[in-house]
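The next block is coords10.cif, given as mmCIF, C-alpha atoms and all ligand atoms.
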data_query
loop_
_atom_site.label_atom_id
_atom_site.label_comp_id
_atom_site.auth_asym_id
_atom_site.auth_seq_id
_atom_site.Cartn_x
_atom_site.Cartn_y
_atom_site.Cartn_z
CA MET A 1 -23.15 -3.98 -7.44
CA SER A 2 -20.70 -4.48 -4.55
CA LYS A 3 -18.95 -7.86 -4.46
CA GLY A 4 -18.35 -7.51 -0.73
CA ARG A 5 -15.92 -5.71 1.47
CA ILE A 6 -12.18 -5.09 1.02
CA LEU A 7 -9.48 -3.72 3.26
CA SER A 8 -5.96 -2.70 2.45
CA GLY A 9 -3.34 -0.45 3.97
CA MET A 10 0.05 1.16 3.49
CA LYS A 11 2.72 2.00 6.02
CA PRO A 12 3.58 5.70 6.45
CA THR A 13 7.30 5.19 5.95
CA GLY A 14 7.55 8.05 3.46
CA VAL A 15 5.74 9.83 0.65
CA LEU A 16 4.51 7.37 -1.98
CA HIS A 17 6.33 6.74 -5.23
CA LEU A 18 5.30 5.49 -8.65
CA GLY A 19 6.10 1.91 -7.62
CA ASN A 20 3.48 2.19 -4.84
CA TYR A 21 1.05 3.76 -7.29
CA GLU A 22 1.38 1.17 -10.04
CA GLY A 23 1.80 -1.74 -7.61
CA ALA A 24 -1.24 -1.02 -5.46
CA LEU A 25 -2.92 2.39 -5.50
CA ARG A 26 -4.05 2.32 -9.12
CA ASN A 27 -5.74 -0.99 -8.40
CA TRP A 28 -7.39 0.34 -5.23
CA VAL A 29 -8.88 3.18 -7.24
CA ARG A 30 -10.51 0.62 -9.54
CA LEU A 31 -11.68 -1.56 -6.64
CA GLN A 32 -13.41 1.29 -4.80
CA ASP A 33 -16.14 1.09 -7.48
CA GLU A 34 -16.60 -2.65 -7.04
CA TYR A 35 -16.38 -3.16 -3.28
CA GLU A 36 -17.32 -1.54 0.00
CA ALA A 37 -13.76 -0.43 0.53
CA TYR A 38 -11.62 0.49 3.56
CA PHE A 39 -8.13 1.89 2.99
CA CYS A 40 -5.93 2.76 5.93
CA VAL A 41 -2.60 4.29 6.71
CA VAL A 42 -1.20 1.62 8.98
CA ASP A 43 0.84 3.69 11.43
CA TRP A 44 1.09 0.96 14.12
CA HIS A 45 2.74 -1.26 11.52
CA ALA A 46 5.30 1.46 10.79
CA LEU A 47 6.25 1.46 14.49
CA THR A 48 7.53 -2.11 14.22
CA THR A 49 10.69 -0.66 12.66
CA LEU A 50 10.42 3.12 13.24
CA PHE A 51 9.58 3.11 16.95
CA GLU A 52 12.51 5.44 17.70
CA ASP A 53 11.35 8.05 15.19
CA THR A 54 7.66 8.52 15.84
CA GLN A 55 7.83 12.14 14.67
CA GLN A 56 8.72 10.90 11.20
CA VAL A 57 5.75 8.48 11.26
CA ARG A 58 3.46 11.31 12.30
CA GLU A 59 4.56 13.56 9.42
CA ASN A 60 4.33 10.74 6.91
CA ILE A 61 0.75 9.80 7.88
CA ARG A 62 -0.58 13.03 6.46
CA GLN A 63 1.50 12.85 3.29
CA VAL A 64 0.45 9.26 2.59
CA ALA A 65 -3.21 10.13 3.16
CA ILE A 66 -2.83 13.05 0.71
CA ASP A 67 -1.22 10.65 -1.79
CA PHE A 68 -4.19 8.25 -1.39
CA VAL A 69 -6.67 10.96 -2.36
CA ALA A 70 -4.43 12.53 -5.00
CA ALA A 71 -4.06 9.11 -6.65
CA GLY A 72 -7.84 8.94 -7.04
CA LEU A 73 -9.30 7.34 -3.92
CA ASP A 74 -12.62 9.08 -3.47
CA PRO A 75 -13.71 9.62 0.16
CA GLU A 76 -17.32 9.51 -1.06
CA LYS A 77 -16.77 5.96 -2.31
CA CYS A 78 -14.44 4.47 0.31
CA ALA A 79 -13.33 4.99 3.89
CA ILE A 80 -9.82 6.47 4.16
CA PHE A 81 -8.49 6.49 7.70
CA VAL A 82 -5.52 6.03 10.03
CA GLN A 83 -5.22 2.63 11.71
CA SER A 84 -4.50 4.02 15.20
CA ASP A 85 -7.71 6.09 15.07
CA VAL A 86 -9.70 2.84 15.21
CA LYS A 87 -8.64 1.19 18.47
CA GLU A 88 -10.61 -1.97 17.69
CA HIS A 89 -7.66 -3.07 15.51
CA ALA A 90 -5.51 -3.19 18.65
CA GLU A 91 -8.08 -5.05 20.72
CA LEU A 92 -8.61 -7.71 18.08
CA HIS A 93 -4.82 -7.97 17.63
CA LEU A 94 -4.51 -8.75 21.33
CA LEU A 95 -7.26 -11.36 21.27
CA LEU A 96 -5.95 -13.03 18.08
CA SER A 97 -2.45 -13.13 19.57
CA MET A 98 -3.83 -15.48 22.24
CA ILE A 99 -4.73 -18.11 19.65
CA THR A 100 -1.80 -17.71 17.24
CA PRO A 101 1.05 -20.19 17.77
CA VAL A 102 4.48 -18.52 17.81
CA PRO A 103 5.98 -20.95 15.21
CA TRP A 104 3.39 -19.70 12.67
CA LEU A 105 4.92 -16.24 13.05
CA GLU A 106 8.54 -17.32 13.16
CA ARG A 107 8.23 -19.00 9.78
CA VAL A 108 6.92 -15.86 8.00
CA PRO A 109 9.71 -15.05 5.47
CA THR A 110 9.55 -11.26 5.98
CA TYR A 111 10.22 -11.66 9.74
CA LYS A 112 13.74 -12.96 9.06
CA GLU A 113 14.24 -10.74 5.99
CA THR A 114 13.42 -7.55 7.94
CA GLN A 115 15.80 -8.52 10.74
CA GLU A 116 18.59 -9.13 8.23
CA GLN A 117 17.94 -6.03 6.13
CA LEU A 118 17.79 -3.70 9.13
CA ARG A 119 20.47 -5.62 11.06
CA ILE A 120 18.14 -6.08 14.02
CA GLU A 121 19.94 -8.13 16.66
CA SER A 122 17.02 -8.70 18.93
CA ALA A 123 13.62 -8.51 17.22
CA SER A 124 10.76 -6.95 19.15
CA TYR A 125 7.56 -8.69 20.08
CA GLY A 126 5.79 -6.17 17.82
CA LEU A 127 7.83 -7.20 14.77
CA LEU A 128 7.10 -10.87 15.38
CA GLY A 129 3.41 -10.12 15.88
CA TYR A 130 3.14 -7.94 12.77
CA PRO A 131 1.13 -10.58 10.83
CA VAL A 132 -1.34 -10.90 13.73
CA LEU A 133 -1.98 -7.17 13.62
CA GLN A 134 -2.40 -7.50 9.88
CA ALA A 135 -4.96 -10.28 10.44
CA ALA A 136 -6.79 -8.04 12.91
CA ASP A 137 -6.81 -5.17 10.38
CA ILE A 138 -8.57 -7.40 7.88
CA LEU A 139 -10.83 -9.47 10.13
CA VAL A 140 -12.15 -6.54 12.17
CA TYR A 141 -13.96 -5.42 8.98
CA LYS A 142 -14.98 -8.99 8.09
CA ALA A 143 -13.35 -8.26 4.74
CA ASN A 144 -14.20 -10.76 2.01
CA ALA A 145 -11.21 -9.86 -0.09
CA VAL A 146 -7.82 -8.23 0.20
CA PRO A 147 -6.07 -6.67 -2.81
CA VAL A 148 -2.63 -8.24 -2.86
CA GLY A 149 0.23 -8.90 -5.19
CA ARG A 150 1.61 -12.43 -5.60
CA ASP A 151 4.46 -11.69 -3.16
CA GLN A 152 1.99 -10.93 -0.36
CA LEU A 153 0.06 -14.19 -0.65
CA PRO A 154 1.93 -15.87 2.28
CA HIS A 155 0.80 -13.05 4.59
CA LEU A 156 -2.79 -13.43 3.53
CA GLU A 157 -2.56 -17.19 3.99
CA LEU A 158 -1.52 -16.61 7.61
CA THR A 159 -4.53 -14.34 8.13
CA ARG A 160 -6.72 -17.11 6.72
CA GLU A 161 -5.13 -19.65 9.11
CA ILE A 162 -5.76 -17.38 12.10
CA CYS A 163 -9.31 -16.81 10.87
CA ARG A 164 -9.97 -20.57 10.57
CA ARG A 165 -8.53 -21.19 14.03
CA PHE A 166 -10.71 -18.48 15.58
CA ASN A 167 -13.84 -19.75 13.82
CA HIS A 168 -13.03 -23.34 14.84
CA ILE A 169 -12.69 -22.41 18.52
CA TYR A 170 -15.44 -19.80 18.90
CA GLY A 171 -17.84 -20.31 15.99
CA ASP A 172 -18.08 -18.86 12.51
CA ILE A 173 -17.65 -15.13 13.04
CA PHE A 174 -15.23 -14.15 10.31
CA PRO A 175 -15.47 -14.78 6.57
CA GLU A 176 -12.21 -16.22 5.24
CA PRO A 177 -10.75 -13.36 3.20
CA GLU A 178 -9.84 -14.17 -0.40
CA ALA A 179 -7.02 -12.62 -2.38
CA ALA A 180 -8.17 -10.03 -4.92
CA LEU A 181 -5.10 -10.89 -7.00
CA THR A 182 -3.99 -8.45 -9.63
CA GLU A 183 -0.97 -8.53 -11.84
CA CYS A 184 0.48 -5.07 -11.51
CA PRO A 185 3.43 -3.81 -13.52
CA VAL A 186 6.67 -3.64 -11.55
CA LEU A 187 8.40 -0.35 -12.28
CA PRO A 188 12.16 -0.26 -11.81
CA GLY A 189 13.85 2.67 -10.11
CA LEU A 190 15.74 5.34 -12.02
CA ASP A 191 18.91 3.22 -11.80
CA GLY A 192 17.25 -0.04 -12.82
CA ARG A 193 17.13 -1.51 -9.30
CA LYS A 194 13.85 -1.94 -7.43
CA MET A 195 12.21 1.46 -6.94
CA SER A 196 12.73 2.34 -3.31
CA LYS A 197 13.06 5.41 -1.14
CA SER A 198 16.12 3.87 0.51
CA TYR A 199 17.91 3.55 -2.86
CA ASP A 200 17.11 7.20 -3.66
CA ASN A 201 15.94 6.12 -7.12
CA ALA A 202 12.22 6.88 -6.99
CA ILE A 203 9.80 9.23 -8.69
CA TYR A 204 7.29 10.43 -6.11
CA LEU A 205 3.65 11.30 -6.59
CA SER A 206 4.51 14.60 -4.91
CA ASP A 207 7.27 15.43 -7.43
CA SER A 208 6.64 18.47 -9.64
CA SER A 209 6.67 18.05 -13.43
CA GLU A 210 10.05 19.83 -13.51
CA THR A 211 11.49 17.36 -11.00
CA ILE A 212 10.06 14.43 -12.95
CA THR A 213 11.59 15.69 -16.21
CA LYS A 214 14.96 16.12 -14.48
CA LYS A 215 14.80 12.65 -12.94
CA VAL A 216 13.85 11.04 -16.26
CA ARG A 217 16.78 12.80 -17.96
CA GLY A 218 19.11 11.19 -15.43
CA MET A 219 17.73 7.67 -15.80
CA PHE A 220 20.00 4.72 -16.57
CA THR A 221 19.66 3.28 -20.08
CA ASP A 222 21.12 0.37 -22.02
CA PRO A 223 24.87 0.67 -21.19
CA LEU A 224 25.79 -0.75 -24.62
CA LYS A 225 24.09 2.10 -26.48
CA LEU A 226 26.63 4.87 -26.22
CA TYR A 227 25.69 6.92 -29.29
CA LYS A 228 22.36 7.77 -30.82
CA ASN A 229 22.89 5.48 -33.80
CA ASP A 230 24.11 2.48 -31.78
CA PRO A 231 21.59 -0.36 -31.77
CA GLY A 232 19.99 -0.64 -28.30
CA HIS A 233 18.48 -3.40 -26.17
CA PRO A 234 15.19 -1.99 -24.83
CA GLU A 235 14.48 -5.12 -22.78
CA THR A 236 17.40 -4.19 -20.47
CA CYS A 237 16.55 -0.47 -20.27
CA PRO A 238 14.63 1.07 -17.32
CA VAL A 239 13.36 3.88 -19.59
CA PHE A 240 11.70 1.31 -21.83
CA ALA A 241 10.14 -0.41 -18.78
CA PHE A 242 8.45 2.93 -18.04
CA HIS A 243 7.36 3.31 -21.68
CA GLN A 244 5.67 -0.09 -21.42
CA VAL A 245 3.45 1.29 -18.67
CA TYR A 246 2.96 4.89 -19.80
CA SER A 247 3.36 4.85 -23.59
CA LYS A 248 1.13 1.89 -24.46
CA GLY A 249 0.49 1.80 -28.20
CA GLU A 250 3.91 3.24 -28.93
CA THR A 251 6.10 0.59 -27.34
CA LYS A 252 6.54 -1.52 -30.49
CA GLN A 253 7.74 1.50 -32.43
CA ILE A 254 10.04 2.67 -29.63
CA ALA A 255 11.55 -0.82 -29.29
CA SER A 256 12.16 -1.24 -33.02
CA ASP A 257 13.57 2.30 -33.44
CA CYS A 258 15.87 1.71 -30.45
CA ARG A 259 17.07 -1.64 -31.82
CA ALA A 260 17.63 -0.14 -35.28
CA GLY A 261 19.67 2.77 -33.89
CA MET A 262 17.06 5.23 -35.14
CA LEU A 263 16.13 6.57 -31.72
CA GLY A 264 18.55 8.24 -29.34
CA CYS A 265 18.24 7.99 -25.56
CA VAL A 266 17.88 11.76 -25.10
CA ALA A 267 14.84 11.88 -27.41
CA CYS A 268 13.46 8.67 -25.90
CA LYS A 269 13.67 10.13 -22.40
CA GLY A 270 12.08 13.36 -23.63
CA ARG A 271 9.08 11.40 -24.87
CA LEU A 272 8.84 9.52 -21.57
CA ALA A 273 8.98 12.73 -19.50
CA GLU A 274 6.13 14.12 -21.59
CA THR A 275 3.86 11.07 -21.27
CA LEU A 276 4.67 10.63 -17.59
CA ASN A 277 3.88 14.25 -16.81
CA ALA A 278 0.63 14.04 -18.76
CA ALA A 279 -0.37 10.85 -16.89
CA LEU A 280 0.44 12.37 -13.51
CA ALA A 281 -1.07 15.82 -14.15
CA PRO A 282 -4.44 14.96 -12.52
CA VAL A 283 -2.65 13.47 -9.49
CA GLN A 284 -0.51 16.60 -9.12
CA GLU A 285 -3.55 18.85 -9.48
CA ARG A 286 -5.47 16.97 -6.76
CA ARG A 287 -2.37 17.15 -4.54
CA ARG A 288 -2.18 20.93 -5.03
CA GLN A 289 -5.84 21.32 -4.08
CA LEU A 290 -5.43 19.20 -0.94
CA GLU A 291 -2.38 21.14 0.17
CA ALA A 292 -4.16 24.45 -0.41
CA ASP A 293 -6.90 23.38 2.03
CA PRO A 294 -5.08 21.58 4.90
CA SER A 295 -8.24 20.93 6.92
CA ARG A 296 -9.77 18.89 4.08
CA ILE A 297 -7.53 15.87 4.63
CA ASP A 298 -8.29 16.06 8.38
CA ARG A 299 -12.00 15.92 7.61
CA ILE A 300 -11.53 13.01 5.19
CA LEU A 301 -9.57 11.03 7.80
CA ALA A 302 -12.02 11.83 10.60
CA ASP A 303 -14.99 10.81 8.48
CA GLY A 304 -13.20 7.65 7.29
CA ALA A 305 -12.31 6.67 10.87
CA GLU A 306 -15.91 7.14 11.95
CA ARG A 307 -17.19 4.89 9.17
CA ALA A 308 -14.50 2.31 9.89
CA ARG A 309 -15.18 2.40 13.62
CA ALA A 310 -18.87 1.72 13.09
CA VAL A 311 -18.06 -1.59 11.39
CA ALA A 312 -15.11 -2.52 13.61
CA SER A 313 -16.96 -1.86 16.87
CA SER A 314 -19.89 -3.99 15.80
CA THR A 315 -17.47 -6.85 14.97
CA MET A 316 -15.88 -6.50 18.39
CA VAL A 317 -19.26 -6.79 20.12
CA GLU A 318 -19.63 -10.19 18.46
CA VAL A 319 -16.03 -11.21 19.17
CA ARG A 320 -16.32 -10.35 22.88
CA ARG A 321 -19.63 -12.20 23.08
CA VAL A 322 -18.40 -15.45 21.51
CA MET A 323 -15.18 -15.32 23.53
CA GLY A 324 -17.06 -14.51 26.74
CA ILE A 325 -14.85 -11.50 27.39
CA GLY A 326 -15.87 -8.43 29.42
CA SER A 327 -19.02 -7.42 31.21
CA THR A 328 -22.32 -6.90 29.39
CA SER A 329 -21.52 -3.20 29.24
CA MET A 330 -18.64 -4.05 26.87
CA GLU A 331 -21.28 -4.64 24.22
CA CYS A 332 -21.77 -0.90 23.96
CA GLY A 333 -18.09 -0.13 23.92
CA GLY A 334 -17.54 -0.46 27.68
CA LEU A 335 -17.90 3.28 28.07
CA THR A 336 -20.98 3.55 30.23
CA PRO A 337 -22.01 0.82 32.66
CA LEU A 338 -25.75 1.40 32.23
CA CYS A 339 -26.21 1.84 28.49
S1 LIG A 401 16.56 4.57 -26.97
FE1 LIG A 401 15.17 4.49 -25.26
S2 LIG A 401 14.77 2.32 -24.95
FE2 LIG A 401 16.59 2.47 -26.22
S3 LIG A 401 18.27 2.35 -24.76
FE3 LIG A 401 17.86 4.52 -25.15
S4 LIG A 401 16.43 5.11 -23.52
FE4 LIG A 401 16.45 2.87 -23.62
#
Can the structure from this file be put into structure tokens for me?
Ligand code: SF4
Amino acid sequence: MSKGRILSGMKPTGVLHLGNYEGALRNWVRLQDEYEAYFCVVDWHALTTLFEDTQQVRENIRQVAIDFVAAGLDPEKCAIFVQSDVKEHAELHLLLSMITPVPWLERVPTYKETQEQLRIESASYGLLGYPVLQAADILVYKANAVPVGRDQLPHLELTREICRRFNHIYGDIFPEPEAALTECPVLPGLDGRKMSKSYDNAIYLSDSSETITKKVRGMFTDPLKLYKNDPGHPETCPVFAFHQVYSKGETKQIASDCRAGMLGCVACKGRLAETLNAALAPVQERRRQLEADPSRIDRILADGAERARAVASSTMVEVRRVMGIGSTSMECGGLTPLC
């Protein structure tokens, strides 16, 4: 039985990698059976940093949507859509921005971090308002829960603050969304740093099995284990971190063989490439099918947007009513004055 409604999204900044899969997508696939679920490709969010390269955003939207379905999101069970196809997100963002104090946004850690990382001298209004758009994404569906990792809790807390402020001023319209907290494994990149497209150290869901095998062969290992018979330190080795996720049941043996100098890195990587390719085979197969029928992803996104819009537009009718915004005709979308 459904526990309520959830919403989550990912920015189309590039094709998705295993870090995205293990850190979020795998969990979404599980949650689609437990909740009425809405998953969106948040293209407006991507514009906060990629506004000069909208063509790239456009291309990535499709690839990310394909990754969603290839990873196991089932359009029969959940709505998969693109944020900008449901304009109600933008309207609610505007209205929430009227009640959100600027200092709340200035203190969000990622606001400063993004400016520093990307060396932004003068941050845009859109970047500052990012968390308000995020609040609108969630509240427009009256989501009861949001799947988040521990690092995203401050963002959700801000959504909850905005929600409480709105409800306090205009009446209880929105449920306060809870965190659907899950401890997800954090996969390192091929070089041991955080897996990231910008570090060029990722394995992508769209990689072929040959590419995956090649990437695994090139992975960093314990630098102190130079020869096969040298004792290794699996706890410092990125290959072992992958084994802990994909070779469950074998990790104790791998760790003890590595420590005892009975397992060489070449063989260890060979085993990982095999298990990884077996684990990703269904994802790759679904990806192949989606790419062979390009109109299918269009239909999935159109259907998802329609389902999302039905909920979002009904929320906006209520929001406009309690805020006293617009003429009566706005209650039917403001499209026809006499409906
Ligand atoms: S044997 Fe495996 S776990 Fe040990 S250092 Fe080599 S790759 Fe890492």
_Two-atom distance - atom CA of A:Ile138, atom CA of A:Ala90 (Å)_ =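 Between these atoms lies a distance of 12.0 Å.
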_Point-to-point distance in Å for atom CA of A:Met10 and atom CA of A:Leu92_ =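 A separation of 19.1 Å between them.
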*asked:* At a cut-off of 8 Å around the point (-6.1, -19.9, 12.7) (file coordinates), what residues fall inside when counting only C-alpha atoms? I'd like the answer as a PyMOL selection string.
replied: chain A and resi 99-100+158-167
Could the residues in this selection be saved with C-alpha atoms as an mmCIF file, in the coordinates of the input?
data_model
loop_
_atom_site.group_PDB
_atom_site.id
_atom_site.type_symbol
_atom_site.label_atom_id
_atom_site.label_comp_id
_atom_site.auth_asym_id
_atom_site.auth_seq_id
_atom_site.Cartn_x
_atom_site.Cartn_y
_atom_site.Cartn_z
ATOM 1 C CA ILE A 99 -4.730 -18.110 19.650
ATOM 2 C CA THR A 100 -1.800 -17.710 17.240
ATOM 3 C CA LEU A 158 -1.520 -16.610 7.610
ATOM 4 C CA THR A 159 -4.530 -14.340 8.130
ATOM 5 C CA ARG A 160 -6.720 -17.110 6.720
ATOM 6 C CA GLU A 161 -5.130 -19.650 9.110
ATOM 7 C CA ILE A 162 -5.760 -17.380 12.100
ATOM 8 C CA CYS A 163 -9.310 -16.810 10.870
ATOM 9 C CA ARG A 164 -9.970 -20.570 10.570
ATOM 10 C CA ARG A 165 -8.530 -21.190 14.030
ATOM 11 C CA PHE A 166 -10.710 -18.480 15.580
ATOM 12 C CA ASN A 167 -13.840 -19.750 13.820
#
*Could you give me the residues within 12 Å of ligand LIG 401 (chain A), counting all atoms listed in the file, as number ranges by chain?*
A: 190, 192, 216-244, 247, 250-273
Output of the above residues as a short mmCIF file (atom, residue, chain, number, x, y, z; two decimals), in the coordinates of the input, restricted to C-alpha atoms:
data_model
loop_
_atom_site.label_atom_id
_atom_site.label_comp_id
_atom_site.auth_asym_id
_atom_site.auth_seq_id
_atom_site.Cartn_x
_atom_site.Cartn_y
_atom_site.Cartn_z
CA LEU A 190 15.74 5.34 -12.02
CA GLY A 192 17.25 -0.04 -12.82
CA VAL A 216 13.85 11.04 -16.26
CA ARG A 217 16.78 12.80 -17.96
CA GLY A 218 19.11 11.19 -15.43
CA MET A 219 17.73 7.67 -15.80
CA PHE A 220 20.00 4.72 -16.57
CA THR A 221 19.66 3.28 -20.08
CA ASP A 222 21.12 0.37 -22.02
CA PRO A 223 24.87 0.67 -21.19
CA LEU A 224 25.79 -0.75 -24.62
CA LYS A 225 24.09 2.10 -26.48
CA LEU A 226 26.63 4.87 -26.22
CA TYR A 227 25.69 6.92 -29.29
CA LYS A 228 22.36 7.77 -30.82
CA ASN A 229 22.89 5.48 -33.80
CA ASP A 230 24.11 2.48 -31.78
CA PRO A 231 21.59 -0.36 -31.77
CA GLY A 232 19.99 -0.64 -28.30
CA HIS A 233 18.48 -3.40 -26.17
CA PRO A 234 15.19 -1.99 -24.83
CA GLU A 235 14.48 -5.12 -22.78
CA THR A 236 17.40 -4.19 -20.47
CA CYS A 237 16.55 -0.47 -20.27
CA PRO A 238 14.63 1.07 -17.32
CA VAL A 239 13.36 3.88 -19.59
CA PHE A 240 11.70 1.31 -21.83
CA ALA A 241 10.14 -0.41 -18.78
CA PHE A 242 8.45 2.93 -18.04
CA HIS A 243 7.36 3.31 -21.68
CA GLN A 244 5.67 -0.09 -21.42
CA SER A 247 3.36 4.85 -23.59
CA GLU A 250 3.91 3.24 -28.93
CA THR A 251 6.10 0.59 -27.34
CA LYS A 252 6.54 -1.52 -30.49
CA GLN A 253 7.74 1.50 -32.43
CA ILE A 254 10.04 2.67 -29.63
CA ALA A 255 11.55 -0.82 -29.29
CA SER A 256 12.16 -1.24 -33.02
CA ASP A 257 13.57 2.30 -33.44
CA CYS A 258 15.87 1.71 -30.45
CA ARG A 259 17.07 -1.64 -31.82
CA ALA A 260 17.63 -0.14 -35.28
CA GLY A 261 19.67 2.77 -33.89
CA MET A 262 17.06 5.23 -35.14
CA LEU A 263 16.13 6.57 -31.72
CA GLY A 264 18.55 8.24 -29.34
CA CYS A 265 18.24 7.99 -25.56
CA VAL A 266 17.88 11.76 -25.10
CA ALA A 267 14.84 11.88 -27.41
CA CYS A 268 13.46 8.67 -25.90
CA LYS A 269 13.67 10.13 -22.40
CA GLY A 270 12.08 13.36 -23.63
CA ARG A 271 9.08 11.40 -24.87
CA LEU A 272 8.84 9.52 -21.57
CA ALA A 273 8.98 12.73 -19.50
#
*Given the choices A:Ala71, A:Tyr38, A:Gln152, A:Leu18, which gets closest to A:Leu276 if the distance is worked out from only C-alpha atoms?*
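The closest residue to A:Leu276 is A:Leu18.
Using only C-alpha atoms for every distance, the candidate list A:Leu7, A:Val283, A:Leu118, A:Ile80 yields A:Leu7 as the residue closest to A:Asn144.
In terms of minimum interatomic distance to A:Asn60, A:Leu16 ranks closest within A:Val29, A:Leu16, A:Pro103, A:Lys112, counting all atoms listed in the file.
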_Could you check the closest approach to A:Val319 for each of A:Gly149, A:Gly129, A:Gly171, A:Gly189 and tell me which residue wins, using all atoms listed in the file?_
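That would be A:Gly171, the residue with the smallest distance to A:Val319.
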Return as a tab-separated table the residues of stretch 109-152 of chain A lying at most 9 Å from stretch 39-50 of chain A, together with the closest atom-to-atom pair for each and the distance in Å to one decimal, counting only C-alpha atoms, with rows in chain order and ascending residue number.
residue	atom	partner	partner_atom	distance
A:Thr114	CA	A:Thr49	CA	8.8
A:Leu118	CA	A:Thr49	CA	8.5
A:Ser124	CA	A:Thr48	CA	7.6
A:Tyr125	CA	A:Thr48	CA	8.8
A:Gly126	CA	A:Thr48	CA	5.7
A:Leu127	CA	A:Thr48	CA	5.1
A:Leu128	CA	A:Thr48	CA	8.8
A:Tyr130	CA	A:His45	CA	6.8
A:Leu133	CA	A:His45	CA	7.8
A:Gln134	CA	A:His45	CA	8.2
A:Asp137	CA	A:Val42	CA	8.9
*Please provide the set of residues having any atom within 12 Å of A:Glu76, restricted to all atoms listed in the file, with same-chain residues fewer than 4 positions apart removed, written as a list of chain:residue names.*
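Answer for this query is A:Gln32, A:Asp33, A:Glu36, A:Ala37, A:Tyr38, A:Val69, A:Gly72, A:Ile80, A:Ile300, A:Leu301, A:Asp303, A:Gly304, A:Arg307.
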*Measure the distance from atom CA of A:Tyr199 to atom CA of A:Leu73 in Å and round it to one decimal.*
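Between atom CA of A:Tyr199 and atom CA of A:Leu73 the gap works out to 27.5 Å.
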*Find, counting only C-alpha atoms, the residue in A:Asp293, A:Thr275, A:Val140, A:Lys77 that gets nearest to A:His93.*
A:Val140
Starting from 3 Å padding per side, set up an axis-aligned box that covers all listed atoms of stretch 318-321 of chain A and hand over centre and edge lengths in Å, one decimal, as AutoDock Vina command-line options.
--center_x -17.8 --center_y -11.2 --center_z 20.8 --size_x 9.6 --size_y 8.0 --size_z 10.6
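Closest to A:Gly23 among A:Asn277, A:Gln55, A:Thr182, A:Thr213 is A:Thr182, based on only C-alpha atoms.
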*Just give me the residues with any atom within 9 Å of (3.1, 9.9, 2.4), file coordinates, counting all atoms listed in the file, written as a count of residues only.*
18
